[in-house]
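Chemist: Dropping in input31.pdb, with PDB, C-alpha atoms and all ligand atoms.
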```
ATOM      1  CA  MET Z   1     -11.685   2.970 -21.590
ATOM      2  CA  SER Z   2      -8.923   4.759 -19.727
ATOM      3  CA  ILE Z   3      -9.277   6.586 -16.428
ATOM      4  CA  ASP Z   4      -8.950  10.352 -16.956
ATOM      5  CA  ARG Z   5      -9.719  11.518 -13.419
ATOM      6  CA  LEU Z   6      -8.703   9.598 -10.329
ATOM      7  CA  ALA Z   7      -9.698  10.224  -6.721
ATOM      8  CA  VAL Z   8      -7.179   9.247  -4.038
ATOM      9  CA  VAL Z   9      -8.367   9.128  -0.425
ATOM     10  CA  GLY Z  10      -5.512   9.344   2.077
ATOM     11  CA  ALA Z  11      -2.336  11.343   1.392
ATOM     12  CA  GLY Z  12       0.122   9.289   3.420
ATOM     13  CA  PHE Z  13       3.043   7.281   2.152
ATOM     14  CA  MET Z  14       1.024   5.080  -0.233
ATOM     15  CA  GLY Z  15      -1.658   7.580  -1.294
ATOM     16  CA  SER Z  16       1.033  10.104  -2.256
ATOM     17  CA  GLY Z  17       2.867   7.480  -4.306
ATOM     18  CA  ILE Z  18      -0.314   6.336  -6.050
ATOM     19  CA  ALA Z  19      -1.172   9.964  -6.902
ATOM     20  CA  GLU Z  20       2.341  10.518  -8.288
ATOM     21  CA  SER Z  21       2.287   7.369 -10.424
ATOM     22  CA  ALA Z  22      -1.142   8.189 -11.865
ATOM     23  CA  ALA Z  23      -0.210  11.821 -12.565
ATOM     24  CA  ALA Z  24       3.020  10.683 -14.228
ATOM     25  CA  ALA Z  25       0.852   8.708 -16.656
ATOM     26  CA  GLY Z  26      -1.250  11.780 -17.520
ATOM     27  CA  VAL Z  27      -4.186  11.154 -15.163
ATOM     28  CA  ALA Z  28      -5.729  14.155 -13.358
ATOM     29  CA  VAL Z  29      -5.710  13.294  -9.658
ATOM     30  CA  THR Z  30      -7.632  14.759  -6.717
ATOM     31  CA  VAL Z  31      -6.262  13.795  -3.318
ATOM     32  CA  PHE Z  32      -8.542  14.046  -0.284
ATOM     33  CA  GLU Z  33      -7.773  14.227   3.429
ATOM     34  CA  PRO Z  34     -10.053  15.871   6.006
ATOM     35  CA  GLU Z  35      -7.168  17.930   7.453
ATOM     36  CA  LEU Z  36      -4.694  20.202   5.664
ATOM     37  CA  PRO Z  37      -1.315  19.187   7.232
ATOM     38  CA  PRO Z  38      -1.143  15.680   5.664
ATOM     39  CA  LEU Z  39      -1.967  17.240   2.280
ATOM     40  CA  GLU Z  40       0.858  19.720   2.707
ATOM     41  CA  ARG Z  41       3.248  16.915   3.634
ATOM     42  CA  SER Z  42       2.086  14.986   0.567
ATOM     43  CA  ARG Z  43       2.739  17.979  -1.670
ATOM     44  CA  GLU Z  44       6.252  18.324  -0.201
ATOM     45  CA  ARG Z  45       6.903  14.590  -0.619
ATOM     46  CA  LEU Z  46       5.859  14.843  -4.268
ATOM     47  CA  ALA Z  47       8.169  17.828  -4.867
ATOM     48  CA  VAL Z  48      11.138  15.891  -3.425
ATOM     49  CA  SER Z  49      10.354  12.730  -5.383
ATOM     50  CA  VAL Z  50       9.871  14.599  -8.665
ATOM     51  CA  ALA Z  51      13.024  16.703  -8.146
ATOM     52  CA  ARG Z  52      14.982  13.491  -7.618
ATOM     53  CA  ALA Z  53      13.650  12.106 -10.900
ATOM     54  CA  VAL Z  54      14.699  15.313 -12.709
ATOM     55  CA  GLU Z  55      18.193  15.202 -11.164
ATOM     56  CA  ALA Z  56      18.551  11.577 -12.205
ATOM     57  CA  GLY Z  57      17.598  12.509 -15.767
ATOM     58  CA  LYS Z  58      14.425  10.374 -15.669
ATOM     59  CA  ARG Z  59      12.146  13.368 -16.342
ATOM     60  CA  SER Z  60      12.548  16.780 -17.906
ATOM     61  CA  ARG Z  61      11.716  19.871 -15.818
ATOM     62  CA  GLU Z  62       8.654  20.459 -18.061
ATOM     63  CA  GLU Z  63       7.367  16.917 -17.502
ATOM     64  CA  ALA Z  64       7.891  17.320 -13.770
ATOM     65  CA  ASP Z  65       5.960  20.607 -13.693
ATOM     66  CA  ALA Z  66       3.114  19.061 -15.720
ATOM     67  CA  LEU Z  67       2.994  16.063 -13.360
ATOM     68  CA  ILE Z  68       2.753  18.338 -10.308
ATOM     69  CA  ALA Z  69       0.059  20.455 -11.963
ATOM     70  CA  ARG Z  70      -2.104  17.358 -12.577
ATOM     71  CA  ILE Z  71      -2.545  16.750  -8.832
ATOM     72  CA  SER Z  72      -4.980  18.812  -6.774
ATOM     73  CA  TYR Z  73      -5.502  18.550  -3.029
ATOM     74  CA  THR Z  74      -8.723  18.996  -1.103
ATOM     75  CA  THR Z  75     -10.185  18.765   2.383
ATOM     76  CA  THR Z  76     -13.716  18.634   0.894
ATOM     77  CA  ILE Z  77     -14.770  15.076   0.110
ATOM     78  CA  GLU Z  78     -17.466  16.274  -2.330
ATOM     79  CA  ASP Z  79     -14.646  17.450  -4.648
ATOM     80  CA  LEU Z  80     -14.117  13.782  -5.559
ATOM     81  CA  THR Z  81     -17.504  13.335  -7.198
ATOM     82  CA  GLN Z  82     -16.292  13.843 -10.782
ATOM     83  CA  ALA Z  83     -13.678  11.088 -10.604
ATOM     84  CA  ASP Z  84     -13.857   8.097 -12.979
ATOM     85  CA  ALA Z  85     -12.406   5.802 -10.304
ATOM     86  CA  LEU Z  86     -11.128   5.922  -6.740
ATOM     87  CA  VAL Z  87      -8.278   4.423  -4.741
ATOM     88  CA  GLU Z  88      -8.450   4.544  -0.944
ATOM     89  CA  ALA Z  89      -5.199   4.480   1.081
ATOM     90  CA  VAL Z  90      -6.074   5.599   4.628
ATOM     91  CA  TYR Z  91      -4.866   3.987   7.883
ATOM     92  CA  GLU Z  92      -5.305   0.224   8.129
ATOM     93  CA  ASP Z  93      -8.456   0.504  10.276
ATOM     94  CA  PRO Z  94     -11.519  -1.545   9.207
ATOM     95  CA  GLU Z  95     -14.048   0.838  10.758
ATOM     96  CA  LEU Z  96     -12.422   3.947   9.267
ATOM     97  CA  LYS Z  97     -12.260   2.330   5.817
ATOM     98  CA  GLY Z  98     -15.781   0.885   6.157
ATOM     99  CA  LYS Z  99     -17.308   4.291   6.950
ATOM    100  CA  LEU Z 100     -15.431   5.871   4.047
ATOM    101  CA  PHE Z 101     -16.658   3.215   1.618
ATOM    102  CA  GLU Z 102     -20.256   3.898   2.714
ATOM    103  CA  GLN Z 103     -19.767   7.605   2.101
ATOM    104  CA  LEU Z 104     -17.790   7.280  -1.144
ATOM    105  CA  ASP Z 105     -20.284   4.811  -2.611
ATOM    106  CA  ALA Z 106     -23.006   7.451  -2.248
ATOM    107  CA  LEU Z 107     -20.789  10.296  -3.502
ATOM    108  CA  LEU Z 108     -19.426   8.590  -6.631
ATOM    109  CA  PRO Z 109     -22.312   6.725  -8.273
ATOM    110  CA  GLN Z 110     -20.607   6.849 -11.703
ATOM    111  CA  ALA Z 111     -17.125   5.695 -10.701
ATOM    112  CA  ARG Z 112     -16.017   2.544 -12.524
ATOM    113  CA  PHE Z 113     -14.386   1.131  -9.430
ATOM    114  CA  LEU Z 114     -13.844   1.920  -5.771
ATOM    115  CA  ALA Z 115     -10.522   0.329  -4.846
ATOM    116  CA  SER Z 116      -8.794  -0.137  -1.507
ATOM    117  CA  ASN Z 117      -5.036  -0.419  -1.060
ATOM    118  CA  THR Z 118      -5.532  -2.397   2.164
ATOM    119  CA  SER Z 119      -2.895  -4.997   3.052
ATOM    120  CA  SER Z 120      -5.047  -7.112   5.350
ATOM    121  CA  ILE Z 121      -8.709  -6.078   5.541
ATOM    122  CA  PRO Z 122     -11.029  -8.318   3.466
ATOM    123  CA  ILE Z 123     -12.252  -6.456   0.378
ATOM    124  CA  ALA Z 124     -15.585  -8.236   0.938
ATOM    125  CA  ALA Z 125     -15.923  -6.387   4.269
ATOM    126  CA  LEU Z 126     -15.523  -3.009   2.523
ATOM    127  CA  ALA Z 127     -17.782  -4.019  -0.380
ATOM    128  CA  ALA Z 128     -20.481  -5.017   2.133
ATOM    129  CA  ARG Z 129     -20.624  -1.394   3.326
ATOM    130  CA  THR Z 130     -21.704  -0.221  -0.149
ATOM    131  CA  ARG Z 131     -24.862  -0.585  -2.207
ATOM    132  CA  ARG Z 132     -22.863  -1.698  -5.242
ATOM    133  CA  PRO Z 133     -20.352  -4.286  -3.988
ATOM    134  CA  GLU Z 134     -19.767  -5.413  -7.583
ATOM    135  CA  ARG Z 135     -17.585  -2.355  -8.280
ATOM    136  CA  VAL Z 136     -15.418  -2.695  -5.148
ATOM    137  CA  VAL Z 137     -11.976  -4.200  -5.729
ATOM    138  CA  GLY Z 138      -8.550  -4.330  -4.088
ATOM    139  CA  LEU Z 139      -5.577  -2.566  -5.689
ATOM    140  CA  HIS Z 140      -2.596  -3.481  -3.541
ATOM    141  CA  PHE Z 141       0.400  -1.348  -4.505
ATOM    142  CA  PHE Z 142       3.948  -1.880  -3.260
ATOM    143  CA  SER Z 143       6.203   0.711  -1.713
ATOM    144  CA  PRO Z 144       7.737   2.947  -2.872
ATOM    145  CA  VAL Z 145       4.865   3.135  -5.364
ATOM    146  CA  PRO Z 146       6.616   5.299  -8.014
ATOM    147  CA  VAL Z 147       9.381   2.675  -8.205
ATOM    148  CA  MET Z 148       7.669  -0.679  -7.663
ATOM    149  CA  LYS Z 149       5.947  -2.134 -10.730
ATOM    150  CA  LEU Z 150       3.634  -4.663  -9.111
ATOM    151  CA  VAL Z 151      -0.052  -4.220  -8.256
ATOM    152  CA  GLU Z 152      -2.133  -7.067  -6.853
ATOM    153  CA  VAL Z 153      -5.710  -6.837  -8.123
ATOM    154  CA  VAL Z 154      -7.966  -8.397  -5.522
ATOM    155  CA  ALA Z 155     -11.328  -9.783  -6.632
ATOM    156  CA  ALA Z 156     -13.743 -10.140  -3.726
ATOM    157  CA  ILE Z 157     -16.731 -12.490  -3.638
ATOM    158  CA  ASP Z 158     -19.106  -9.962  -5.261
ATOM    159  CA  THR Z 159     -16.629  -8.101  -7.507
ATOM    160  CA  ASP Z 160     -17.863  -7.994 -11.095
ATOM    161  CA  PRO Z 161     -15.394  -9.414 -13.666
ATOM    162  CA  GLN Z 162     -15.683  -6.104 -15.551
ATOM    163  CA  THR Z 163     -14.514  -4.249 -12.421
ATOM    164  CA  VAL Z 164     -11.476  -6.530 -12.251
ATOM    165  CA  THR Z 165     -10.744  -5.893 -15.929
ATOM    166  CA  ASP Z 166     -11.122  -2.124 -15.430
ATOM    167  CA  ALA Z 167      -8.827  -2.167 -12.389
ATOM    168  CA  GLU Z 168      -6.208  -4.190 -14.279
ATOM    169  CA  ALA Z 169      -6.420  -1.821 -17.243
ATOM    170  CA  PHE Z 170      -5.926   1.131 -14.907
ATOM    171  CA  ALA Z 171      -2.855  -0.497 -13.341
ATOM    172  CA  ALA Z 172      -1.404  -1.016 -16.819
ATOM    173  CA  GLN Z 173      -2.360   2.548 -17.827
ATOM    174  CA  ILE Z 174      -0.165   3.939 -15.035
ATOM    175  CA  GLY Z 175       2.757   1.677 -15.937
ATOM    176  CA  LYS Z 176       2.236  -1.099 -13.402
ATOM    177  CA  GLN Z 177       2.101  -4.848 -13.851
ATOM    178  CA  PRO Z 178      -1.135  -6.251 -12.405
ATOM    179  CA  ILE Z 179      -1.497  -9.776 -11.056
ATOM    180  CA  ARG Z 180      -4.818 -11.274  -9.988
ATOM    181  CA  THR Z 181      -5.479 -12.687  -6.544
ATOM    182  CA  LYS Z 182      -8.439 -13.837  -4.512
ATOM    183  CA  ASP Z 183      -9.575 -11.943  -1.442
ATOM    184  CA  ARG Z 184      -7.481 -13.963   1.042
ATOM    185  CA  ALA Z 185      -5.182 -12.638   3.766
ATOM    186  CA  GLY Z 186      -1.724 -11.883   2.372
ATOM    187  CA  PHE Z 187      -2.893 -12.042  -1.264
ATOM    188  CA  VAL Z 188      -0.089 -13.615  -3.346
ATOM    189  CA  VAL Z 189       3.055 -11.796  -2.236
ATOM    190  CA  ASN Z 190       2.682 -11.597   1.549
ATOM    191  CA  PHE Z 191       1.338 -15.165   1.709
ATOM    192  CA  LEU Z 192       4.709 -16.289   0.308
ATOM    193  CA  LEU Z 193       6.976 -13.606   1.761
ATOM    194  CA  VAL Z 194       5.882 -13.482   5.411
ATOM    195  CA  PRO Z 195       6.720 -17.115   6.382
ATOM    196  CA  TYR Z 196      10.199 -16.583   4.893
ATOM    197  CA  LEU Z 197      10.749 -13.328   6.806
ATOM    198  CA  MET Z 198       9.482 -14.860  10.048
ATOM    199  CA  ALA Z 199      11.833 -17.841   9.577
ATOM    200  CA  ALA Z 200      14.706 -15.359   9.346
ATOM    201  CA  VAL Z 201      13.553 -13.570  12.529
ATOM    202  CA  ARG Z 202      13.342 -16.927  14.384
ATOM    203  CA  MET Z 203      16.779 -17.913  13.097
ATOM    204  CA  TYR Z 204      18.244 -14.670  14.464
ATOM    205  CA  GLU Z 205      16.236 -14.945  17.706
ATOM    206  CA  GLU Z 206      17.633 -18.448  18.343
ATOM    207  CA  GLY Z 207      21.221 -17.342  17.718
ATOM    208  CA  PHE Z 208      21.506 -19.669  14.737
ATOM    209  CA  ALA Z 209      23.452 -17.039  12.761
ATOM    210  CA  SER Z 210      24.246 -13.320  12.937
ATOM    211  CA  ARG Z 211      21.906 -10.794  11.312
ATOM    212  CA  GLU Z 212      24.630  -9.888   8.801
ATOM    213  CA  ASP Z 213      25.225 -13.519   7.850
ATOM    214  CA  ILE Z 214      21.498 -14.231   7.464
ATOM    215  CA  ASP Z 215      21.169 -11.230   5.152
ATOM    216  CA  THR Z 216      24.361 -11.910   3.227
ATOM    217  CA  GLY Z 217      23.326 -15.548   2.815
ATOM    218  CA  MET Z 218      20.118 -14.650   1.035
ATOM    219  CA  LYS Z 219      21.659 -11.816  -0.984
ATOM    220  CA  LEU Z 220      24.617 -13.726  -2.322
ATOM    221  CA  GLY Z 221      23.140 -17.223  -2.164
ATOM    222  CA  CYS Z 222      19.796 -16.452  -3.755
ATOM    223  CA  GLY Z 223      20.369 -13.178  -5.590
ATOM    224  CA  HIS Z 224      17.880 -11.240  -3.449
ATOM    225  CA  PRO Z 225      18.436  -7.467  -3.601
ATOM    226  CA  MET Z 226      18.260  -7.236   0.198
ATOM    227  CA  GLY Z 227      18.450  -9.724   3.044
ATOM    228  CA  PRO Z 228      15.323 -10.677   5.044
ATOM    229  CA  LEU Z 229      16.152  -8.720   8.224
ATOM    230  CA  THR Z 230      16.965  -5.589   6.219
ATOM    231  CA  LEU Z 231      13.682  -6.086   4.378
ATOM    232  CA  CYS Z 232      11.797  -6.421   7.712
ATOM    233  CA  ASP Z 233      13.281  -3.074   8.807
ATOM    234  CA  PHE Z 234      12.323  -1.529   5.486
ATOM    235  CA  ILE Z 235       8.687  -2.741   5.639
ATOM    236  CA  GLY Z 236       8.266  -1.771   9.319
ATOM    237  CA  LEU Z 237       8.004  -4.330  12.113
ATOM    238  CA  ASP Z 238       4.586  -3.063  13.253
ATOM    239  CA  VAL Z 239       3.233  -3.441   9.712
ATOM    240  CA  LEU Z 240       4.683  -6.962   9.539
ATOM    241  CA  GLN Z 241       3.170  -7.924  12.876
ATOM    242  CA  ALA Z 242      -0.263  -6.793  11.648
ATOM    243  CA  VAL Z 243       0.121  -8.854   8.452
ATOM    244  CA  CYS Z 244       1.248 -11.892  10.517
ATOM    245  CA  ASP Z 245      -1.816 -11.522  12.747
ATOM    246  CA  SER Z 246      -4.198 -11.411   9.812
ATOM    247  CA  LEU Z 247      -2.534 -14.438   8.139
ATOM    248  CA  LEU Z 248      -2.574 -16.413  11.407
ATOM    249  CA  ASP Z 249      -6.191 -15.490  12.005
ATOM    250  CA  GLU Z 250      -7.190 -16.583   8.486
ATOM    251  CA  PHE Z 251      -5.130 -19.764   8.058
ATOM    252  CA  GLY Z 252      -4.180 -20.771  11.631
ATOM    253  CA  ARG Z 253      -0.729 -22.033  10.640
ATOM    254  CA  PRO Z 254       2.217 -21.508  13.063
ATOM    255  CA  GLU Z 255       4.491 -20.307  10.257
ATOM    256  CA  TYR Z 256       2.463 -17.076  10.274
ATOM    257  CA  ALA Z 257       2.807 -16.410  14.020
ATOM    258  CA  ALA Z 258       4.905 -13.337  14.827
ATOM    259  CA  PRO Z 259       7.961 -14.563  16.805
ATOM    260  CA  PRO Z 260       8.296 -13.195  20.383
ATOM    261  CA  LEU Z 261      11.336 -11.101  19.392
ATOM    262  CA  LEU Z 262       9.355  -9.269  16.695
ATOM    263  CA  LYS Z 263       6.490  -8.568  19.121
ATOM    264  CA  ARG Z 264       8.880  -7.259  21.812
ATOM    265  CA  MET Z 265      10.650  -5.019  19.306
ATOM    266  CA  VAL Z 266       7.303  -3.527  18.264
ATOM    267  CA  THR Z 267       6.334  -3.000  21.930
ATOM    268  CA  ALA Z 268       9.663  -1.244  22.529
ATOM    269  CA  GLY Z 269       9.132   1.021  19.514
ATOM    270  CA  HIS Z 270      11.930  -0.534  17.462
ATOM    271  CA  LEU Z 271       9.922  -0.485  14.271
ATOM    272  CA  GLY Z 272      12.746  -0.568  11.739
ATOM    273  CA  ARG Z 273      13.999   2.144   9.427
ATOM    274  CA  LYS Z 274      11.140   4.564  10.169
ATOM    275  CA  SER Z 275      11.921   4.689  13.934
ATOM    276  CA  GLY Z 276      15.697   4.654  13.453
ATOM    277  CA  ARG Z 277      16.116   1.209  14.967
ATOM    278  CA  GLY Z 278      15.040  -2.313  14.110
ATOM    279  CA  PHE Z 279      17.319  -5.261  13.442
ATOM    280  CA  TYR Z 280      19.845  -2.585  12.447
ATOM    281  CA  SER Z 281      20.336   1.036  13.546
ATOM    282  CA  TYR Z 282      19.778   3.900  11.140
ATOM    283  CA  GLY Z 283      21.614   7.199  11.509
ATOM    284  CA  GLY Z 284      19.964  10.242  13.029
ATOM    285  CA  ALA Z 285      16.889   8.888  14.813
TER     286      ALA Z 285
HETATM  287  N1  LIG G   1       3.219   1.256   3.758
HETATM  288  C1  LIG G   1       3.257   0.212   2.944
HETATM  289  O1  LIG G   1       4.329  -0.324   2.616
HETATM  290  C2  LIG G   1       1.977  -0.338   2.378
HETATM  291  C3  LIG G   1       2.049  -1.231   1.281
HETATM  292  C4  LIG G   1       0.844  -1.695   0.710
HETATM  293  C5  LIG G   1      -0.368  -1.289   1.252
HETATM  294  N2  LIG G   1      -0.402  -0.443   2.335
HETATM  295  C6  LIG G   1      -1.716  -0.022   2.829
HETATM  296  O2  LIG G   1      -1.949   1.316   2.400
HETATM  297  C7  LIG G   1      -2.774   1.994   3.348
HETATM  298  C8  LIG G   1      -2.092   3.279   3.762
HETATM  299  O3  LIG G   1      -0.817   2.979   4.282
HETATM  300  P1  LIG G   1       0.320   4.114   4.407
HETATM  301  O4  LIG G   1       1.587   3.396   4.700
HETATM  302  O5  LIG G   1       0.225   5.059   3.259
HETATM  303  O6  LIG G   1      -0.187   4.862   5.748
HETATM  304  P2  LIG G   1       0.081   6.375   6.194
HETATM  305  O7  LIG G   1      -0.081   6.372   7.681
HETATM  306  O8  LIG G   1       1.355   6.906   5.598
HETATM  307  O9  LIG G   1      -1.133   7.179   5.512
HETATM  308  C9  LIG G   1      -2.472   7.079   5.901
HETATM  309  C10 LIG G   1      -3.134   8.418   5.662
HETATM  310  O10 LIG G   1      -4.548   8.291   5.858
HETATM  311  C11 LIG G   1      -4.987   9.547   6.295
HETATM  312  N3  LIG G   1      -6.358   9.499   6.808
HETATM  313  C12 LIG G   1      -6.786   9.111   8.031
HETATM  314  N4  LIG G   1      -8.134   9.215   8.107
HETATM  315  C13 LIG G   1      -8.555   9.667   6.893
HETATM  316  C14 LIG G   1      -9.838   9.984   6.347
HETATM  317  N5  LIG G   1     -10.960   9.829   7.061
HETATM  318  N6  LIG G   1      -9.901  10.420   5.076
HETATM  319  C15 LIG G   1      -8.782  10.584   4.344
HETATM  320  N7  LIG G   1      -7.530  10.314   4.819
HETATM  321  C16 LIG G   1      -7.434   9.859   6.073
HETATM  322  C17 LIG G   1      -3.947   9.963   7.323
HETATM  323  O11 LIG G   1      -3.986  11.348   7.656
HETATM  324  C18 LIG G   1      -2.657   9.537   6.616
HETATM  325  O12 LIG G   1      -2.100  10.604   5.868
HETATM  326  C19 LIG G   1      -3.035   0.989   4.472
HETATM  327  O13 LIG G   1      -4.254   0.349   4.234
HETATM  328  C20 LIG G   1      -1.878   0.001   4.340
HETATM  329  O14 LIG G   1      -2.201  -1.277   4.829
HETATM  330  C21 LIG G   1       0.730   0.050   2.890
END
```
In structure tokens, write the structure found in this file.
Modeler:
Amino acid sequence: MSIDRLAVVGAGFMGSGIAESAAAAGVAVTVFEPELPPLERSRERLAVSVARAVEAGKRSREEADALIARISYTTTIEDLTQADALVEAVYEDPELKGKLFEQLDALLPQARFLASNTSSIPIAALAARTRRPERVVGLHFFSPVPVMKLVEVVAAIDTDPQTVTDAEAFAAQIGKQPIRTKDRAGFVVNFLLVPYLMAAVRMYEEGFASREDIDTGMKLGCGHPMGPLTLCDFIGLDVLQAVCDSLLDEFGRPEYAAPPLLKRMVTAGHLGRKSGRGFYSYGGA
């Protein structure tokens, strides 16, 4: 059974992308935030993204208009009650997400699944805040969501197999490729990616090679589309530090420890592309 109406909670970078991908697949989406300004920014972000797709010849103007019309925005959480399923993408704050899951569980008794896009908070911790933990699941999208095909489907200790199947079917419905993972820090991708990125940061920190040579080495030597330090800047060094902390906390292995250079860069506000400066400088900011 397909999802006809989706609720998205949180209209930031990821929530906006999830709403766009679902609407592009014909799903009616309601996006909730308690304040209006983030919703307005989300609407503007959608207009830019959709216009780019039209310019690139990936969508007709009619398709773009229909996509935009499928998304509604609300500051009233009760407007989500008719949704068939929900994806939460608010700040990475366990208490904020926990409270929302309590509230959403009561508001959407019929929803097939309540999913979180969290990168590091145990899905079990969010499920424990609900009365029906069997329908709580992780749906970990990758940024930018309209472009990236992968979704990690995270089955927590109490997630019903049917919920996992429904979440996977939804991912496929909106044109994504789901992979299954257990509810462990890092899931599949960050568990493998983060030690590699941190090795590159340590290599640069120790003066082993220049940032350009480290990046060129992995691009031309391994066929990666971008080098590890460029990728760190793209992800955001603060986000990476948080993922390192959760991996280190869960597995206790030194390969997950954020190197001192990364921590100092975060302290200094050199967060990567989004702040204009990370391992590289980005024009303007
Ligand atoms: N950025 C990434 O690359 C990425 C990738 C995968 C997963 N994630 C996860 O996605 C989630 C969102 O990340 P993001 O990068 O979109 O963050 P973001 O800061 O761009 O967006 C978060 C949004 O949540 C909103 N919000 C705060 N409190 C809220 C509430 N009570 N109800 C509704 N909305 C509320 C904020 O106003 C903001 O617009 C996080 O859990 C993050 O770990 C991020």
Chemist: Between Z:His140, Z:Arg202, Z:Lys99, Z:Arg135, which has the minimum distance to Ala257 (chain Z) (counting all atoms listed in the file)?
Modeler: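 So, comparing all the options, the nearest one is Z:Arg202.
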Chemist: Interatomic distance between atom N2 of ligand LIG 1 (chain G) and CA of Val243 (chain Z)?
Modeler: 10.4 Å
Chemist: Can I get the residues close to ligand LIG 1 (chain G) as number ranges by chain, where close means within 6 Å and we count all atoms listed in the file?
Modeler: Z: 9-15, 32-34, 38, 89-92, 117-119, 140-143, 235
Chemist: Write out as JSON lines a residue-level contact list of region 68-129 of chain Z versus region 148-172 of chain Z with cut-off 7 Å: for each qualifying residue the closest pair of atoms and the distance in Å to one decimal, counting only C-alpha atoms, rows sorted by chain and residue number upward.
Modeler:
```
{"residue": "Z:Arg112", "atom": "CA", "partner": "Z:Thr163", "partner_atom": "CA", "distance": 7.0}
{"residue": "Z:Phe113", "atom": "CA", "partner": "Z:Thr163", "partner_atom": "CA", "distance": 6.2}
{"residue": "Z:Ile123", "atom": "CA", "partner": "Z:Ala156", "partner_atom": "CA", "distance": 5.7}
{"residue": "Z:Ala124", "atom": "CA", "partner": "Z:Ala156", "partner_atom": "CA", "distance": 5.4}
```
Chemist: Give as a VMD selection string the residues that the PyMOL selection byres (((chain Z and resi 213) around 12) and not hetatm) matches when applied to the coordinates above.
Modeler: chain Z and resid 200 203 to 204 207 to 212 214 to 221 227 to 230
Chemist: Can you work out which one of Z:Ala125, Z:Leu67, Z:Leu114, Z:Leu80 has the shortest atom-to-atom distance to Pro94 (chain Z), counting only C-alpha atoms?
Modeler: Z:Ala125
Chemist: Just how far from CA of Pro144 (chain Z) is CA of Gly17 (chain Z), in Å to one decimal?
Modeler: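 If I compute the distance from CA of Gly17 (chain Z) to CA of Pro144 (chain Z), I get 6.8 Å.
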Chemist: In Å, rounded to a single decimal, give me how far CA of Ala22 (chain Z) is from CA of Pro146 (chain Z).
Modeler: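 Distance between the two atoms: 9.1 Å.
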Chemist: Specify as a PyMOL selection string each residue included when the PyMOL selection byres (((chain Z and resi 27) around 10) and not hetatm) is applied to this file.
Modeler: chain Z and resi 2-6+19-26+28-30+67+70-71+173-174
